[in-house]
file run37.csv (CSV, C-alpha atoms)
chain,number,residue,atom,x,y,z
L,186,MET,CA,119.6,95.9,98.5
L,187,GLU,CA,120.7,93.5,95.8
L,188,GLU,CA,118.7,93.3,92.6
L,189,HIS,CA,117.2,89.9,91.8
L,190,PRO,CA,115.2,88.7,88.8
L,191,LEU,CA,111.4,89.2,89.2
L,192,PRO,CA,109.3,86.0,89.1
L,193,ASN,CA,106.9,85.1,86.3
L,194,LEU,CA,103.4,86.3,87.4
L,195,ASN,CA,101.8,83.5,85.4
L,196,THR,CA,103.3,81.1,88.0
L,197,LEU,CA,101.9,82.9,91.0
L,198,ASP,CA,98.5,83.1,92.7
L,199,GLY,CA,99.5,86.2,94.6
L,200,LEU,CA,102.3,88.2,96.2
L,201,PHE,CA,103.2,88.6,99.9
L,202,ILE,CA,105.8,91.3,99.9
L,203,LEU,CA,107.7,92.7,102.9
L,204,GLY,CA,109.6,95.8,104.0
L,205,GLY,CA,113.1,97.0,103.6
L,206,PRO,CA,115.6,99.7,104.8
L,207,ILE,CA,115.1,102.1,101.9
L,208,ASN,CA,112.7,104.7,100.8
L,209,VAL,CA,110.3,104.4,97.9
L,210,TYR,CA,111.4,107.7,96.4
L,211,GLU,CA,115.1,106.7,96.1
L,212,ASP,CA,114.8,105.6,92.5
L,213,ASP,CA,118.1,107.3,91.7
L,214,LYS,CA,119.9,105.2,94.3
L,215,HIS,CA,118.0,102.0,93.7
L,216,PRO,CA,117.1,101.7,89.9
L,217,TRP,CA,115.3,98.4,90.5
L,218,LEU,CA,112.5,100.2,92.3
L,219,ALA,CA,111.1,101.3,88.9
L,220,ARG,CA,111.0,97.7,87.7
L,221,GLU,CA,109.4,96.5,90.9
L,222,LYS,CA,106.7,99.2,90.7
L,223,GLY,CA,105.9,98.0,87.1
L,224,PHE,CA,105.8,94.4,88.3
L,225,LEU,CA,103.3,95.3,91.1
L,226,ARG,CA,101.2,97.4,88.7
L,227,GLU,CA,101.0,94.3,86.4
L,228,ALA,CA,100.1,92.0,89.3
L,229,ILE,CA,97.2,94.3,90.3
L,230,GLU,CA,96.0,94.7,86.7
L,231,THR,CA,95.9,90.9,86.2
L,232,GLY,CA,93.9,90.3,89.3
L,233,LYS,CA,96.5,88.9,91.7
L,234,ILE,CA,96.1,89.0,95.4
L,235,VAL,CA,98.8,91.3,96.8
L,236,VAL,CA,99.7,92.0,100.4
L,237,GLY,CA,102.3,94.6,100.9
L,238,ILE,CA,103.9,95.3,104.3
L,239,CYS,CA,105.7,98.6,105.3
L,240,LEU,CA,107.9,99.6,102.4
L,241,ARG,CA,105.9,97.4,100.0
L,242,ALA,CA,102.6,98.9,101.2
L,243,GLN,CA,104.2,102.3,100.4
L,244,LEU,CA,105.1,101.0,96.9
L,245,LEU,CA,101.5,99.8,96.4
L,246,SER,CA,100.2,103.2,97.4
L,247,VAL,CA,102.4,104.9,94.8
L,248,VAL,CA,101.6,102.3,92.1
L,249,LEU,CA,97.9,103.0,92.8
L,250,GLY,CA,98.2,106.8,92.5
L,251,GLY,CA,99.0,107.6,96.1
L,252,SER,CA,102.2,109.2,97.6
L,253,VAL,CA,104.7,108.6,100.3
L,254,THR,CA,106.1,111.3,102.6
L,255,ARG,CA,107.9,111.6,105.9
L,256,ASN,CA,105.7,110.8,108.9
L,257,PRO,CA,105.6,113.4,111.6
L,258,HIS,CA,107.0,110.8,114.0
L,259,TRP,CA,109.2,107.7,113.7
L,260,GLU,CA,107.1,104.7,114.9
L,261,ILE,CA,109.3,101.8,116.2
L,262,GLY,CA,108.0,99.1,118.5
L,263,TRP,CA,104.8,97.6,119.7
L,264,PHE,CA,102.0,100.1,119.5
L,265,PRO,CA,98.2,100.0,119.2
L,266,VAL,CA,96.4,100.1,115.8
L,267,THR,CA,92.8,101.0,115.5
L,268,LEU,CA,90.4,100.1,112.7
L,269,THR,CA,88.7,103.1,111.1
L,270,PRO,CA,85.1,103.4,112.3
L,271,SER,CA,83.4,103.2,108.9
L,272,ASP,CA,85.2,100.1,107.8
L,273,ARG,CA,85.2,97.8,110.8
L,274,ASP,CA,82.7,95.6,108.9
L,275,HIS,CA,85.0,95.2,105.9
L,276,ALA,CA,84.9,91.5,104.7
L,277,LEU,CA,88.6,91.1,105.0
L,278,LEU,CA,88.6,92.4,108.6
L,279,ARG,CA,85.8,90.2,110.1
L,280,GLY,CA,87.0,88.8,113.4
L,281,PHE,CA,89.5,91.6,113.9
L,282,PRO,CA,89.3,93.5,117.2
L,283,ASP,CA,88.6,97.2,116.9
L,284,ARG,CA,92.0,97.8,118.5
L,285,PHE,CA,95.1,95.6,118.6
L,286,VAL,CA,98.8,95.9,119.2
L,287,ALA,CA,101.2,95.4,116.2
L,288,PHE,CA,104.8,95.9,115.5
L,289,HIS,CA,106.0,99.0,113.7
L,290,TRP,CA,109.3,100.2,112.2
L,291,HIS,CA,108.9,103.2,109.8
L,292,GLY,CA,109.6,106.8,109.4
L,293,ASP,CA,107.5,107.4,106.2
L,294,ARG,CA,103.8,107.2,105.6
L,295,PHE,CA,101.7,106.5,102.5
L,296,SER,CA,98.5,108.3,101.4
L,297,ILE,CA,95.4,106.2,100.9
L,298,PRO,CA,95.4,105.8,97.1
L,299,PRO,CA,92.3,106.7,94.9
L,300,GLY,CA,89.7,104.0,95.1
L,301,ALA,CA,91.1,102.3,98.2
L,302,VAL,CA,89.5,101.9,101.6
L,303,HIS,CA,91.2,103.4,104.6
L,304,ILE,CA,91.1,100.6,107.2
L,305,ALA,CA,93.5,101.4,110.1
L,306,ARG,CA,95.3,104.2,111.9
L,307,SER,CA,97.5,104.6,114.9
L,308,GLU,CA,98.2,107.6,117.2
L,309,ALA,CA,101.6,108.2,115.5
L,310,CYS,CA,100.4,107.6,111.9
L,311,GLU,CA,96.9,108.2,110.5
L,312,GLU,CA,97.4,106.0,107.4
L,313,GLN,CA,98.2,102.5,108.7
L,314,GLY,CA,96.3,100.4,106.2
L,315,PHE,CA,94.2,100.2,103.0
L,316,VAL,CA,92.3,97.7,100.9
L,317,TYR,CA,91.9,98.1,97.1
L,318,LYS,CA,89.3,96.0,95.2
L,319,ALA,CA,89.2,93.5,98.1
L,320,ARG,CA,92.4,91.8,96.9
L,321,VAL,CA,95.2,94.3,97.4
L,322,VAL,CA,96.1,95.1,101.0
L,323,GLY,CA,98.7,97.6,102.2
L,324,LEU,CA,99.7,97.5,105.9
L,325,GLN,CA,102.2,100.0,107.3
L,326,PHE,CA,102.4,97.9,110.5
L,327,HIS,CA,103.7,94.3,110.8
L,328,LEU,CA,101.6,91.3,111.7
L,329,GLU,CA,104.3,88.8,110.6
L,330,SER,CA,107.1,89.9,113.0
L,331,THR,CA,109.0,87.2,114.8
L,332,GLU,CA,111.6,87.3,117.6
L,333,GLU,CA,114.2,86.6,114.9
L,334,SER,CA,113.1,89.4,112.5
L,335,ILE,CA,112.9,92.0,115.3
L,336,ASP,CA,116.4,91.0,116.5
L,337,ALA,CA,117.7,91.4,112.9
L,338,LEU,CA,116.1,94.9,112.7
L,339,LEU,CA,117.8,95.9,116.0
L,340,ARG,CA,121.1,94.5,114.7
L,341,HIS,CA,121.0,96.2,111.4
L,342,CYS,CA,118.9,99.4,112.0
L,343,GLY,CA,119.4,99.8,115.7
L,344,ASP,CA,120.8,103.4,115.2
L,345,GLU,CA,117.2,104.4,114.5
L,346,VAL,CA,116.1,103.5,118.1
L,347,THR,CA,116.4,106.8,119.8
L,348,CYS,CA,114.6,108.6,122.6
L,349,ALA,CA,111.3,109.7,121.0
L,350,PRO,CA,107.6,109.6,121.8
L,351,TYR,CA,106.8,106.6,119.5
L,352,ILE,CA,110.0,104.6,119.8
L,353,GLN,CA,110.4,101.9,122.3
L,354,ASP,CA,113.6,100.8,123.8
L,355,SER,CA,115.1,97.5,122.6
L,356,PRO,CA,114.1,95.3,125.6
L,357,SER,CA,110.5,96.4,125.2
L,358,MET,CA,110.5,95.1,121.6
L,359,GLN,CA,112.1,91.8,122.3
L,360,ASP,CA,110.7,88.7,124.0
L,361,GLN,CA,107.1,89.4,123.2
L,362,PRO,CA,105.7,85.9,122.4
L,363,ALA,CA,102.1,86.8,123.3
L,364,LEU,CA,102.1,89.8,121.0
L,365,GLN,CA,103.7,87.8,118.2
L,366,ARG,CA,101.2,85.0,118.6
L,367,ASP,CA,98.3,87.4,118.5
L,368,THR,CA,99.5,89.3,115.4
L,369,HIS,CA,100.2,86.0,113.6
L,370,ALA,CA,96.6,84.9,114.3
L,371,LEU,CA,95.4,88.2,112.8
L,372,MET,CA,97.6,87.6,109.7
L,373,ASP,CA,96.2,84.1,109.3
L,374,ARG,CA,92.7,85.5,109.5
L,375,LEU,CA,93.5,88.2,106.9
L,376,LEU,CA,95.1,85.7,104.5
L,377,ASP,CA,92.2,83.2,104.9
L,378,ALA,CA,89.7,86.0,104.1
L,379,LEU,CA,91.7,87.0,101.0
L,380,THR,CA,91.8,83.5,99.6
L,381,ALA,CA,88.3,82.3,100.8
L,382,ASP,CA,86.6,82.9,97.4
L,383,ARG,CA,89.5,81.6,95.4
L,384,SER,CA,90.1,78.2,96.9

call {"tool": "encode", "arguments": {"input": "run37.csv", "output": "structure tokens"}}
result
Amino acid sequence: MEEHPLPNLNTLDGLFILGGPINVYEDDKHPWLAREKGFLREAIETGKIVVGICLRAQLLSVVLGGSVTRNPHWEIGWFPVTLTPSDRDHALLRGFPDRFVAFHWHGDRFSIPPGAVHIARSEACEEQGFVYKARVVGLQFHLESTEESIDALLRHCGDEVTCAPYIQDSPSMQDQPALQRDTHALMDRLLDALTADRS
């Protein structure tokens, strides 16, 4: 991944940061990871809203004192996510169903960092989401996926689609407008809840 200048945090209300095809522990191969971790730490310390998806959720976990390790299973495709029983009433998750289907593409997992609330799990991966101080959210799964983004993943990372318990075949991942619509609605709901008291 190419290194780009980081934005000025003073010009931002928050960060919405997405995944990527690397691992958070590859600092030797990707020196910019250290800079990004420092940037995220500063964003959190200055009270910004931060939503991290997949790789960036893993980075948020590490920045907050958690860790990232290999998951027992690769999880690729549309699979159910379940909200944790004790946190279904979390303010940021009001209106979410107890169980919904989301898109996944990961082989690593994050731990729930100290002080964060564990909000979601799946059959293949226990740690699917966390909230820290009601303004930092890490999601291992994807609510933002589109047909175009899934097609791009299949083009560039299709070699990871193998025969395994939690990996769907390519046709099952594609052409899922209803699932995309449902997950986009959940993402809108989450973002509205995050910004409700700051508008």

call {"tool": "atom_distance", "arguments": {"input": "run37.csv", "atom1": "atom CA of L:Ile335", "atom2": "atom CA of L:Met358"}}
result
7.4 Å

call {"tool": "residues_around", "arguments": {"input": "run37.csv", "residues": "L:Thr267", "least_positions_apart": "3", "cutoff": "10 Å", "atoms": "only C-alpha atoms", "output": "compact mmCIF listing (two decimals) with C-alpha atoms, in the coordinates of the input"}}
result
# COMPACT_ATOMS: atom_id res chain seq x y z
CA PRO L 270 85.10 103.40 112.30
CA ARG L 273 85.20 97.80 110.80
CA PRO L 282 89.30 93.50 117.20
CA ASP L 283 88.60 97.20 116.90
CA ARG L 284 92.00 97.80 118.50
CA PHE L 285 95.10 95.60 118.60
CA VAL L 286 98.80 95.90 119.20
CA ILE L 304 91.10 100.60 107.20
CA ALA L 305 93.50 101.40 110.10
CA ARG L 306 95.30 104.20 111.90
CA SER L 307 97.50 104.60 114.90
CA GLU L 308 98.20 107.60 117.20
CA GLU L 311 96.90 108.20 110.50
CA GLN L 313 98.20 102.50 108.70
CA GLY L 314 96.30 100.40 106.20

call {"tool": "residues_around", "arguments": {"input": "run37.csv", "residues": "L:Pro206", "least_positions_apart": "6", "cutoff": "10 Å", "atoms": "only C-alpha atoms", "output": "list in words"}}
result
Met186, Cys239, Leu240, Trp290, His291, Leu338, His341 and Cys342 of chain L

call {"tool": "closest_residue", "arguments": {"input": "run37.csv", "among": "L:Gln325, L:Thr331, L:Asp293, L:Gly300", "to": "L:Ile202", "atoms": "all atoms listed in the file"}}
result
L:Gln325

call {"tool": "atom_distance", "arguments": {"input": "run37.csv", "atom1": "atom CA of L:Ser355", "atom2": "atom CA of L:His369"}}
result
20.9 Å
